[in-house]
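J.: Contents of query16.txt (compact mmCIF, C-alpha atoms) are below:
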```
# COMPACT_ATOMS: atom_id res chain seq x y z
CA MET A 657 0.00 0.00 0.00
CA GLN A 658 1.12 3.52 -0.83
CA GLN A 659 0.19 5.90 1.97
CA PHE A 660 -0.47 9.60 1.36
CA THR A 661 -0.60 12.24 4.10
CA PRO A 662 -2.13 15.73 4.26
CA ALA A 663 1.34 17.31 4.14
CA GLU A 664 1.87 15.63 0.77
CA TRP A 665 -1.33 16.66 -0.96
CA GLN A 666 -1.15 20.17 0.46
CA SER A 667 2.24 20.48 -1.25
CA TRP A 668 0.91 19.35 -4.64
CA GLU A 669 0.15 21.61 -7.59
CA ARG A 670 -3.52 22.66 -7.51
CA PHE A 671 -4.82 20.58 -10.44
CA TYR A 672 -2.83 17.50 -9.43
CA ARG A 673 -4.42 17.72 -5.98
CA ALA A 674 -7.90 18.32 -7.44
CA ASN A 675 -7.60 15.32 -9.76
CA PHE A 676 -6.44 13.07 -6.95
CA ILE A 677 -8.92 14.17 -4.27
CA ASN A 678 -11.84 14.19 -6.73
CA SER A 679 -11.12 10.59 -7.71
CA LEU A 680 -11.20 9.31 -4.15
CA THR A 681 -14.93 9.51 -3.60
CA GLY A 682 -15.48 7.03 -6.41
CA PHE A 683 -17.74 7.04 -9.42
CA LYS A 684 -20.50 9.58 -9.57
CA SER A 685 -23.38 10.63 -11.74
CA ALA A 686 -22.95 13.29 -14.40
CA SER A 687 -26.00 15.42 -15.08
CA LEU A 688 -26.87 18.65 -16.82
CA ILE A 689 -28.83 21.13 -14.72
CA GLY A 690 -31.10 23.38 -16.75
CA THR A 691 -32.23 26.76 -15.45
CA ILE A 692 -33.27 30.21 -16.67
CA ASN A 693 -31.92 33.49 -15.38
CA ALA A 694 -34.00 36.51 -14.35
CA ASP A 695 -34.06 37.68 -17.99
CA GLY A 696 -35.31 34.29 -19.19
CA VAL A 697 -31.98 33.22 -20.74
CA PRO A 698 -31.47 29.45 -20.39
CA ASN A 699 -28.40 28.11 -18.63
CA LEU A 700 -27.07 24.58 -18.77
CA GLY A 701 -24.29 23.29 -16.50
CA MET A 702 -22.62 19.97 -15.74
CA PHE A 703 -22.84 18.70 -12.17
CA SER A 704 -21.44 15.46 -10.80
CA SER A 705 -22.66 15.73 -7.22
CA MET A 706 -26.34 14.79 -7.44
CA VAL A 707 -27.17 12.92 -4.25
CA HIS A 708 -30.29 11.06 -3.19
CA ILE A 709 -31.68 12.60 0.00
CA GLY A 710 -34.92 10.64 0.37
CA SER A 711 -37.71 8.86 -1.50
CA ASP A 712 -40.79 9.98 0.48
CA PRO A 713 -40.85 12.91 0.12
CA ALA A 714 -38.68 12.59 -3.00
CA LEU A 715 -35.74 14.91 -2.33
CA ILE A 716 -32.58 15.23 -4.40
CA GLY A 717 -29.54 17.35 -3.58
CA TYR A 718 -26.38 18.60 -5.23
CA ILE A 719 -23.31 20.46 -4.04
CA ASN A 720 -22.82 23.92 -5.53
CA ARG A 721 -19.26 25.25 -5.41
CA PRO A 722 -18.55 28.69 -3.90
CA VAL A 723 -20.58 31.43 -5.61
CA ALA A 724 -17.48 33.06 -7.10
CA ALA A 725 -16.57 29.79 -8.88
CA ALA A 726 -20.06 28.73 -9.99
CA PRO A 727 -22.54 31.59 -9.83
CA HIS A 728 -25.15 31.13 -12.57
CA THR A 729 -26.99 27.90 -11.79
CA LEU A 730 -27.41 28.78 -8.13
CA ALA A 731 -28.55 32.35 -8.83
CA ASN A 732 -31.06 31.07 -11.38
CA ILE A 733 -32.43 28.45 -8.98
CA LYS A 734 -32.84 31.11 -6.30
CA ALA A 735 -34.61 33.43 -8.71
CA ASN A 736 -36.88 30.89 -10.37
CA LYS A 737 -37.18 28.00 -7.83
CA LEU A 738 -37.47 25.41 -10.64
CA TYR A 739 -34.65 23.50 -12.34
CA THR A 740 -34.27 20.42 -14.50
CA VAL A 741 -31.76 17.59 -14.18
CA ASN A 742 -30.90 15.64 -17.33
CA HIS A 743 -28.92 12.41 -17.69
CA ILE A 744 -25.96 12.42 -20.06
CA HIS A 745 -25.29 9.81 -22.73
CA ALA A 746 -22.17 9.07 -24.76
CA SER A 747 -23.90 10.37 -27.90
CA PHE A 748 -23.64 13.97 -26.64
CA LEU A 749 -20.89 13.72 -24.06
CA ASP A 750 -18.58 16.21 -25.80
CA LYS A 751 -21.37 18.80 -25.80
CA ALA A 752 -22.26 18.07 -22.18
CA HIS A 753 -18.65 18.45 -21.03
CA GLN A 754 -18.39 21.72 -22.94
CA THR A 755 -21.11 23.28 -20.73
CA SER A 756 -18.47 23.33 -17.95
CA ALA A 757 -16.70 26.19 -19.75
CA LYS A 758 -17.15 29.56 -18.06
CA TYR A 759 -19.64 31.26 -20.35
CA PRO A 760 -21.00 34.72 -19.44
CA ASP A 761 -24.45 34.82 -17.83
CA GLU A 762 -26.11 36.15 -20.99
CA VAL A 763 -24.91 33.19 -23.07
CA ASN A 764 -27.32 30.28 -23.64
CA GLU A 765 -25.21 27.11 -23.30
CA PHE A 766 -27.82 25.08 -25.23
CA THR A 767 -27.15 27.02 -28.43
CA GLU A 768 -23.46 27.44 -27.63
CA VAL A 769 -22.73 23.70 -27.34
CA GLY A 770 -25.45 22.42 -29.67
CA LEU A 771 -28.02 20.79 -27.41
CA THR A 772 -31.77 21.21 -27.80
CA GLU A 773 -34.15 22.88 -25.36
CA ALA A 774 -37.34 20.93 -24.61
CA PHE A 775 -40.24 22.26 -22.59
CA ILE A 776 -43.29 20.77 -20.95
CA GLU A 777 -46.52 22.65 -20.42
CA GLY A 778 -46.54 25.07 -17.52
CA VAL A 779 -42.83 24.75 -16.79
CA PRO A 780 -40.56 27.68 -17.76
CA VAL A 781 -37.21 25.89 -17.38
CA PRO A 782 -35.71 23.87 -20.23
CA PHE A 783 -35.02 20.16 -20.32
CA VAL A 784 -32.39 18.65 -22.61
CA LYS A 785 -34.24 17.02 -25.50
CA GLU A 786 -31.39 14.55 -26.14
CA SER A 787 -31.55 13.12 -22.60
CA HIS A 788 -33.45 9.84 -22.07
CA ILE A 789 -34.05 10.38 -18.35
CA LYS A 790 -34.75 13.81 -16.88
CA TYR A 791 -36.64 15.34 -14.02
CA LEU A 792 -37.90 18.61 -12.63
CA LEU A 793 -37.03 19.83 -9.13
CA SER A 794 -38.47 22.70 -7.09
CA LEU A 795 -36.12 24.36 -4.64
CA LYS A 796 -36.77 23.37 -1.03
CA GLU A 797 -33.64 24.51 0.81
CA ILE A 798 -30.15 25.86 0.26
CA ILE A 799 -27.92 24.77 3.12
CA PRO A 800 -24.63 26.70 3.38
CA ILE A 801 -21.57 24.57 4.14
CA GLN A 802 -19.47 27.07 6.02
CA LEU A 803 -16.35 24.87 6.05
CA ASN A 804 -15.57 25.85 2.45
CA ASP A 805 -18.37 28.21 1.30
CA THR A 806 -20.17 25.55 -0.75
CA PHE A 807 -23.89 24.79 -0.62
CA LEU A 808 -26.10 21.72 -0.43
CA VAL A 809 -29.02 22.60 -2.71
CA ILE A 810 -32.07 20.41 -2.11
CA GLY A 811 -35.02 20.14 -4.47
CA GLN A 812 -38.26 18.23 -4.38
CA LEU A 813 -39.11 16.01 -7.33
CA GLU A 814 -41.97 17.46 -9.38
CA GLN A 815 -41.94 15.60 -12.72
CA VAL A 816 -40.04 12.70 -14.26
CA MET A 817 -39.67 12.07 -17.99
CA ILE A 818 -38.32 8.80 -19.31
CA ASP A 819 -37.84 7.78 -22.92
CA SER A 820 -40.70 5.55 -24.07
CA SER A 821 -38.27 2.77 -24.94
CA LEU A 822 -37.27 2.48 -21.26
CA GLN A 823 -39.73 0.83 -18.94
CA PRO A 824 -39.17 0.68 -15.17
CA SER A 825 -38.58 -2.92 -14.05
CA ALA A 826 -41.40 -4.79 -12.31
CA ASP A 827 -40.03 -3.47 -8.98
CA GLY A 828 -39.61 0.16 -10.11
CA PHE A 829 -35.87 -0.06 -10.79
CA LEU A 830 -34.47 1.81 -13.81
CA HIS A 831 -31.71 0.06 -15.77
CA LEU A 832 -29.49 3.11 -16.31
CA ASP A 833 -26.95 1.07 -18.28
CA GLN A 834 -29.68 0.21 -20.81
CA ALA A 835 -30.65 3.89 -20.86
CA GLY A 836 -27.04 4.68 -21.78
CA SER A 837 -26.61 7.05 -18.85
CA ILE A 838 -22.93 7.56 -18.19
CA CYS A 839 -21.03 7.97 -14.96
CA SER A 840 -18.02 10.11 -14.16
CA ASN A 841 -14.88 10.15 -12.06
CA GLY A 842 -12.71 13.03 -11.03
CA LEU A 843 -13.01 16.25 -12.97
CA ASP A 844 -13.14 15.03 -16.54
CA ALA A 845 -13.47 11.24 -17.00
CA TYR A 846 -16.64 9.55 -18.21
CA TYR A 847 -17.62 5.88 -18.28
CA ASN A 848 -20.12 3.42 -19.59
CA THR A 849 -21.24 0.73 -17.16
CA GLN A 850 -21.90 -3.00 -17.18
CA LEU A 851 -24.24 -4.57 -14.65
CA ILE A 852 -22.51 -7.05 -12.33
CA ASP A 853 -25.59 -8.02 -10.31
CA ARG A 854 -28.53 -6.87 -8.31
CA TYR A 855 -28.84 -8.32 -4.82
CA ALA A 856 -31.84 -9.09 -2.62
CA TYR A 857 -32.48 -7.03 0.51
CA ALA A 858 -29.82 -8.23 2.96
CA LYS A 859 -30.81 -9.84 6.27
CA PRO A 860 -28.53 -11.14 9.03
CA GLY A 861 -27.64 -14.83 8.91
CA LYS A 862 -26.78 -15.58 5.27
CA LEU A 863 -25.36 -13.73 2.27
CA ALA A 864 -28.12 -12.09 0.22
CA ASP A 865 -29.06 -13.83 -3.04
CA LYS A 866 -28.46 -12.27 -6.42
CA LEU A 867 -31.68 -11.15 -8.07
CA MET B 881 -41.52 10.26 -23.36
CA GLN B 882 -43.36 8.74 -20.44
CA GLN B 883 -44.21 11.40 -17.88
CA PHE B 884 -44.57 10.62 -14.17
CA THR B 885 -46.17 12.94 -11.63
CA PRO B 886 -45.95 13.20 -7.83
CA ALA B 887 -49.48 11.82 -7.48
CA GLU B 888 -48.32 8.65 -9.24
CA TRP B 889 -45.21 7.92 -7.22
CA GLN B 890 -46.95 8.80 -3.97
CA SER B 891 -49.51 6.11 -4.80
CA TRP B 892 -46.84 3.45 -5.44
CA GLU B 893 -45.88 0.65 -3.07
CA ARG B 894 -42.97 1.77 -0.87
CA PHE B 895 -40.21 -0.37 -2.39
CA TYR B 896 -41.34 0.30 -5.96
CA ARG B 897 -41.13 4.04 -5.22
CA ALA B 898 -37.73 3.67 -3.50
CA ASN B 899 -36.29 1.72 -6.44
CA PHE B 900 -37.56 4.26 -8.95
CA ILE B 901 -36.58 7.44 -7.08
CA ASN B 902 -33.18 6.04 -6.09
CA SER B 903 -32.37 5.27 -9.73
CA LEU B 904 -33.09 8.82 -10.91
CA THR B 905 -30.00 10.48 -9.48
CA GLY B 906 -27.81 8.27 -11.64
CA PHE B 907 -24.80 6.13 -10.91
CA LYS B 908 -23.08 6.57 -7.58
CA SER B 909 -20.13 5.30 -5.65
CA ALA B 910 -20.47 2.36 -3.29
CA SER B 911 -18.19 2.42 -0.27
CA LEU B 912 -17.85 0.69 3.06
CA ILE B 913 -17.58 3.00 6.06
CA GLY B 914 -15.58 1.51 8.93
CA THR B 915 -16.05 2.74 12.50
CA ILE B 916 -15.79 1.51 16.08
CA ASN B 917 -18.44 1.95 18.75
CA ALA B 918 -17.87 3.24 22.29
CA ASP B 919 -16.97 -0.32 23.40
CA GLY B 920 -14.41 -0.67 20.61
CA VAL B 921 -16.52 -3.05 18.49
CA PRO B 922 -15.92 -2.46 14.77
CA ASN B 923 -18.82 -1.60 12.48
CA LEU B 924 -18.88 -1.75 8.71
CA GLY B 925 -21.70 -0.35 6.59
CA MET B 926 -22.41 0.22 2.91
CA PHE B 927 -22.99 3.82 1.80
CA SER B 928 -23.68 5.04 -1.72
CA SER B 929 -23.86 8.77 -1.05
CA MET B 930 -20.21 9.80 -0.73
CA VAL B 931 -19.95 13.28 -2.20
CA HIS B 932 -16.95 15.48 -2.94
CA ILE B 933 -17.25 18.75 -1.01
CA GLY B 934 -13.87 20.31 -1.79
CA SER B 935 -10.21 19.62 -2.53
CA ASP B 936 -8.46 22.32 -0.47
CA PRO B 937 -9.20 21.66 2.31
CA ALA B 938 -10.02 18.09 1.29
CA LEU B 939 -13.59 17.54 2.50
CA ILE B 940 -15.82 14.57 1.74
CA GLY B 941 -19.46 14.15 2.77
CA TYR B 942 -22.11 11.48 2.88
CA ILE B 943 -25.81 11.42 3.63
CA ASN B 944 -26.83 9.47 6.72
CA ARG B 945 -30.45 8.34 6.79
CA PRO B 946 -32.65 9.15 9.81
CA VAL B 947 -31.15 7.87 13.07
CA ALA B 948 -33.91 5.31 13.58
CA ALA B 949 -33.12 3.72 10.18
CA ALA B 950 -29.31 3.87 10.32
CA PRO B 951 -28.06 4.47 13.87
CA HIS B 952 -24.67 2.76 14.28
CA THR B 953 -22.28 4.42 11.84
CA LEU B 954 -23.40 7.91 12.82
CA ALA B 955 -23.27 7.21 16.56
CA ASN B 956 -19.77 5.74 16.18
CA ILE B 957 -18.54 8.71 14.17
CA LYS B 958 -19.91 11.08 16.83
CA ALA B 959 -18.23 9.10 19.60
CA ASN B 960 -14.86 8.53 17.94
CA LYS B 961 -14.56 11.33 15.33
CA LEU B 962 -12.56 9.06 12.97
CA TYR B 963 -13.90 6.79 10.22
CA THR B 964 -12.57 4.98 7.18
CA VAL B 965 -14.04 4.82 3.67
CA ASN B 966 -13.15 1.80 1.55
CA HIS B 967 -13.79 1.21 -2.15
CA ILE B 968 -15.65 -1.96 -3.13
CA HIS B 969 -14.54 -4.40 -5.84
CA ALA B 970 -16.43 -7.20 -7.56
CA SER B 971 -14.24 -9.77 -5.77
CA PHE B 972 -16.01 -9.07 -2.45
CA LEU B 973 -19.25 -7.46 -3.60
CA ASP B 974 -21.50 -10.10 -2.02
CA LYS B 975 -19.82 -9.52 1.36
CA ALA B 976 -20.00 -5.74 0.98
CA HIS B 977 -23.72 -5.83 0.13
CA GLN B 978 -24.33 -8.06 3.14
CA THR B 979 -23.13 -5.30 5.50
CA SER B 980 -26.40 -3.53 4.69
CA ALA B 981 -28.29 -6.09 6.80
CA LYS B 982 -29.50 -4.74 10.14
CA TYR B 983 -27.04 -6.32 12.58
CA PRO B 984 -27.21 -5.42 16.28
CA ASP B 985 -24.69 -2.84 17.53
CA GLU B 986 -22.57 -5.47 19.32
CA VAL B 987 -22.04 -7.47 16.11
CA ASN B 988 -18.80 -6.92 14.17
CA GLU B 989 -19.79 -6.89 10.49
CA PHE B 990 -16.22 -7.69 9.41
CA THR B 991 -16.35 -11.11 11.00
CA GLU B 992 -20.03 -11.57 10.19
CA VAL B 993 -19.62 -11.09 6.42
CA GLY B 994 -16.02 -12.33 6.11
CA LEU B 995 -13.98 -9.19 5.42
CA THR B 996 -10.63 -8.44 7.07
CA GLU B 997 -9.83 -5.57 9.42
CA ALA B 998 -6.64 -3.67 8.65
CA PHE B 999 -5.15 -0.99 10.88
CA ILE B 1000 -2.51 1.68 10.47
CA GLU B 1001 -0.40 2.98 13.33
CA GLY B 1002 -2.07 5.45 15.63
CA VAL B 1003 -5.54 5.02 14.09
CA PRO B 1004 -8.13 3.06 16.10
CA VAL B 1005 -10.70 2.57 13.32
CA PRO B 1006 -10.45 -0.36 10.90
CA PHE B 1007 -9.90 -0.24 7.17
CA VAL B 1008 -11.02 -3.06 4.86
CA LYS B 1009 -7.90 -5.02 3.93
CA GLU B 1010 -9.45 -6.24 0.65
CA SER B 1011 -10.04 -2.68 -0.62
CA HIS B 1012 -7.50 -1.23 -3.10
CA ILE B 1013 -8.37 2.41 -2.38
CA LYS B 1014 -9.30 3.63 1.10
CA TYR B 1015 -9.04 6.74 3.17
CA LEU B 1016 -9.40 8.08 6.68
CA LEU B 1017 -11.71 10.96 7.56
CA SER B 1018 -11.99 13.03 10.74
CA LEU B 1019 -15.42 14.43 11.54
CA LYS B 1020 -15.73 18.15 10.83
CA GLU B 1021 -19.47 18.77 10.88
CA ILE B 1022 -22.82 17.01 10.99
CA ILE B 1023 -25.41 19.15 9.23
CA PRO B 1024 -29.02 18.14 9.96
CA ILE B 1025 -31.35 18.15 6.96
CA GLN B 1026 -34.63 18.98 8.62
CA LEU B 1027 -36.71 18.29 5.51
CA ASN B 1028 -36.52 14.54 6.18
CA ASP B 1029 -34.40 14.06 9.32
CA THR B 1030 -31.30 12.99 7.41
CA PHE B 1031 -27.77 14.35 7.91
CA LEU B 1032 -24.92 15.56 5.75
CA VAL B 1033 -21.84 14.23 7.54
CA ILE B 1034 -18.64 15.99 6.48
CA GLY B 1035 -15.15 14.71 7.19
CA GLN B 1036 -11.68 16.03 6.47
CA LEU B 1037 -9.26 13.75 4.65
CA GLU B 1038 -6.48 12.55 6.96
CA GLN B 1039 -4.82 9.59 5.17
CA VAL B 1040 -5.11 7.87 1.80
CA MET B 1041 -4.01 4.32 1.09
CA ILE B 1042 -3.76 3.01 -2.46
CA ASP B 1043 -2.68 -0.43 -3.58
CA SER B 1044 0.95 -0.37 -4.73
CA SER B 1045 -0.06 -1.64 -8.18
CA LEU B 1046 -2.07 1.56 -8.76
CA GLN B 1047 -0.12 4.70 -9.49
CA PRO B 1048 -1.83 8.08 -9.82
CA SER B 1049 -1.61 9.36 -13.41
CA ALA B 1050 0.88 12.10 -14.23
CA ASP B 1051 -1.82 14.66 -13.43
CA GLY B 1052 -2.97 13.07 -10.16
CA PHE B 1053 -6.01 11.28 -11.61
CA LEU B 1054 -6.84 7.79 -10.30
CA HIS B 1055 -8.09 5.27 -12.87
CA LEU B 1056 -10.84 3.74 -10.74
CA ASP B 1057 -11.80 1.31 -13.50
CA GLN B 1058 -8.28 -0.13 -13.42
CA ALA B 1059 -8.54 -0.30 -9.64
CA GLY B 1060 -11.70 -2.37 -10.08
CA SER B 1061 -13.79 0.00 -7.99
CA ILE B 1062 -17.45 -0.59 -8.73
CA CYS B 1063 -20.33 1.83 -8.95
CA SER B 1064 -23.94 1.41 -7.93
CA ASN B 1065 -27.45 2.40 -8.92
CA GLY B 1066 -30.64 2.38 -6.92
CA LEU B 1067 -30.73 0.27 -3.78
CA ASP B 1068 -29.04 -2.92 -4.90
CA ALA B 1069 -27.43 -2.83 -8.37
CA TYR B 1070 -23.66 -2.79 -8.92
CA TYR B 1071 -21.63 -2.15 -12.07
CA ASN B 1072 -18.19 -2.32 -13.57
CA THR B 1073 -17.16 0.63 -15.71
CA GLN B 1074 -15.41 1.23 -19.02
CA LEU B 1075 -13.69 4.53 -19.72
CA ILE B 1076 -15.22 6.45 -22.61
CA ASP B 1077 -12.84 9.42 -22.51
CA ARG B 1078 -11.22 12.10 -20.44
CA TYR B 1079 -11.65 15.66 -21.71
CA ALA B 1080 -9.49 18.74 -21.43
CA TYR B 1081 -10.59 21.66 -19.26
CA ALA B 1082 -13.39 23.29 -21.27
CA LYS B 1083 -13.11 26.91 -22.45
CA PRO B 1084 -15.64 28.95 -24.42
CA GLY B 1085 -15.24 28.95 -28.18
CA LYS B 1086 -14.60 25.35 -29.20
CA LEU B 1087 -15.44 21.86 -27.95
CA ALA B 1088 -12.81 20.59 -25.48
CA ASP B 1089 -10.35 18.02 -26.82
CA LYS B 1090 -10.24 14.46 -25.56
CA LEU B 1091 -7.16 13.78 -23.43
```
Mind converting the file's structure to structure tokens?

T.:
Amino acid sequence: MQQFTPAEWQSWERFYRANFINSLTGFKSASLIGTINADGVPNLGMFSSMVHIGSDPALIGYINRPVAAAPHTLANIKANKLYTVNHIHASFLDKAHQTSAKYPDEVNEFTEVGLTEAFIEGVPVPFVKESHIKYLLSLKEIIPIQLNDTFLVIGQLEQVMIDSSLQPSADGFLHLDQAGSICSNGLDAYYNTQLIDRYAYAKPGKLADKL
Amino acid sequence: MQQFTPAEWQSWERFYRANFINSLTGFKSASLIGTINADGVPNLGMFSSMVHIGSDPALIGYINRPVAAAPHTLANIKANKLYTVNHIHASFLDKAHQTSAKYPDEVNEFTEVGLTEAFIEGVPVPFVKESHIKYLLSLKEIIPIQLNDTFLVIGQLEQVMIDSSLQPSADGFLHLDQAGSICSNGLDAYYNTQLIDRYAYAKPGKLADKL
């Protein structure tokens, strides 16, 4: 085993440290958050920190970096209270990654990177047409994380849209590998996935069966 | 597109709803958190909500469910302030999943499921010997999420241990697919991954190159 200490990573160049520390937490989702600003201009940004908070009520969170580093999505969510989250697939991965560039607030990332806005009735914020799984959240709470000026932004699930070719399993499970949703690691690496197994609900006494 | 509304998922059977809602946030890490209780008995539990909070200082969070549903890990972290996080590989996935069974507090999940405790000097909490990537956190803050009685538990990175066969890339990145770290989806599905691409830091004007 190689052992790394705080003194080592604090001495590293900034991007080396960011690559290393970001990889440690393991694979993560990669989603595009769609918002509109106060002038109605759409914004689209890549986020890899979506986190399940609870199923009943259905609450989903993400970590927003300090305002100076990532101002637009958070400001738009505060102003409008509604935002969309859109899965990413390999077919438009280069465009999705490109939304992480620092565009000015008045720039519409959809048109800039070549993705398509899609709307549903009564909802002002854009979904990504190319995404097979997407959902609408309404802002419930922004919790400041004072340790490093980040925020846990929590939304309540308001709508879910799933491509007609994808049916939930008999038990409600969504086969994200069949949907072609990708996962990410670190700052800039993206992966396809292959199912190993699903397991039964574990109970003490014997190893849970594979489903 | 199939469209699902809150009225629908609120009418669903509990596990169907949990499977569906848990799948929406996309792929996630799957890690084993190692702790000891006030009597020194080790505890090992599966968590799929590790989330990167920041690289400098290096802060990593996870969501702990309500205390009544998931009491031991959180109580142990409060009592001892130190905890380990251990990546999961397909070679011991069945044992890792089994730690999600509700064992009494006095049961040591390591011995119960057949994983091996590993210690480093001066650290009382156990790592998982079988894990190729693992790290030590010290508790910094427990932030209550009052919306559903869950908690964002934030730790500061204190040590990292990586199998000697795995070298960080020249830029600090860790190839988790080569490490055999798995990812998860929903409540009970686990996946291997295949790298699609890494991309350069995106700047406005042209699509970022692949690395």

J.: So that I can see what lies close to B:Thr905, please list as number ranges by chain the residues with an atom at most 8 Å from it, counting only C-alpha atoms and leaving out residues fewer than 4 positions away in the same chain.

T.: A: 685, 706-708, 716; B: 901

J.: What gap, in Å, lies between atom CA of A:Phe703 and atom CA of B:Gly941?

T.: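 Separation of atom CA of A:Phe703 and atom CA of B:Gly941: 16.0 Å.
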
J.: Looking at B:Phe900, B:Tyr963, B:Phe990, B:Trp892, which one is nearest to chain A, with distances taken over all atoms listed in the file?

T.: B:Phe900

J.: Identify which of the residues A:Asn675, A:Lys796, A:Pro860, A:Gln812 lies closest to B:Glu989, counting all atoms listed in the file when measuring atom-to-atom distances.

T.: A:Pro860

J.: For the atom pair atom CA of B:Glu1021 and atom CA of B:Val1033, what is the interatomic distance in Å to one decimal place?

T.: 6.1 Å

J.: Could you tell me which of A:Leu808, A:Ser840, A:His788, A:Asn848 comes closest to A:Ile709 if we count only C-alpha atoms?

T.: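 Once distances to A:Ile709 are computed over only C-alpha atoms, the minimum belongs to A:Leu808.
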
J.: When distances are computed from all atoms listed in the file, which of B:Lys1009, B:Val921, B:Asp1057, B:Ser928 shows the smallest separation from B:Gly906?

T.: B:Ser928

J.: Measuring atom to atom with only C-alpha atoms, identify which of A:Leu730, A:Ile810, A:Ala757, A:Ile838 is nearest to chain B.

T.: A:Ala757

J.: From the set B:Ala1059, B:Leu1016, B:Ile1000, B:Val993, which residue has the shortest atom-to-atom contact distance to B:Thr1073, counting all atoms listed in the file?

T.: B:Ala1059

J.: Within 12 Å of A:Val763, counting all atoms listed in the file, which residues qualify if same-chain residues fewer than 6 places away don't, as JSON, numbers by chain?

T.: {"A": [692, 693, 695, 696, 697, 698, 699, 700, 701, 728, 755, 757, 769], "B": [1084, 1085]}

J.: Counting all atoms listed in the file, which residues sit no farther than 8 Å from the position (-10.0, 0.9, 11.1) in the file's frame? I'd like them as a list in words.

T.: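 The residues that fall inside the cut-off are Gly914, Thr915, Ile916, Pro922, Tyr963, Thr964, Glu997, Ala998, Phe999, Ile1000, Val1003, Pro1004, Val1005, Pro1006, Phe1007 and Val1008 of chain B.
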
J.: What does the distance between atom CA of B:Glu1010 and atom CA of B:Gln1047 come to in Å, to one decimal place?

T.: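 Computing it gives 17.6 Å between the two atoms.
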
J.: Would you kindly identify which residues have an atom no farther than 8 Å from (-29.0, -11.4, -8.6), using all atoms listed in the file and the file's own coordinates, and write them out as JSON, numbers by chain?

T.: {"A": [853, 854, 855, 856, 865, 866, 867]}

J.: If you count all atoms listed in the file, which residues fall within 9 Å of stretch 1039-1041 of chain B, apart from same-chain ones fewer than 3 positions away, as a list in words?

T.: Met657, Gln658, Gln659, Phe660, Thr661, Pro662 and Leu680 of chain A; His1012, Ile1013, Lys1014, Tyr1015, Leu1016, Leu1017 and Ser1044 of chain B

J.: When you look at B:Ala970 with a cut-off of 9 Å (counting all atoms listed in the file), what residues show up, excluding the ones that are within fewer than 2 positions of it in the same chain? I need them as a short mmCIF file (atom, residue, chain, number, x, y, z; two decimals) with C-alpha atoms, keeping the file's coordinate frame.

T.:
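Output saved as out_1.cif:
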```cif
data_model
loop_
_atom_site.label_atom_id
_atom_site.label_comp_id
_atom_site.auth_asym_id
_atom_site.auth_seq_id
_atom_site.Cartn_x
_atom_site.Cartn_y
_atom_site.Cartn_z
CA ILE A 852 -22.51 -7.05 -12.33
CA ILE B 968 -15.65 -1.96 -3.13
CA PHE B 972 -16.01 -9.07 -2.45
CA LEU B 973 -19.25 -7.46 -3.60
CA ASP B 974 -21.50 -10.10 -2.02
CA GLY B 1060 -11.70 -2.37 -10.08
CA SER B 1061 -13.79 0.00 -7.99
CA ILE B 1062 -17.45 -0.59 -8.73
CA TYR B 1070 -23.66 -2.79 -8.92
CA TYR B 1071 -21.63 -2.15 -12.07
CA ASN B 1072 -18.19 -2.32 -13.57
#
```

J.: Would you kindly return, as a ChimeraX atom specification, each protein, DNA or RNA residue with an atom no farther than 6 Å from any atom of A:Met702, considering all atoms listed in the file and excluding same-chain residues fewer than 2 positions away?

T.: /A:687-688,756
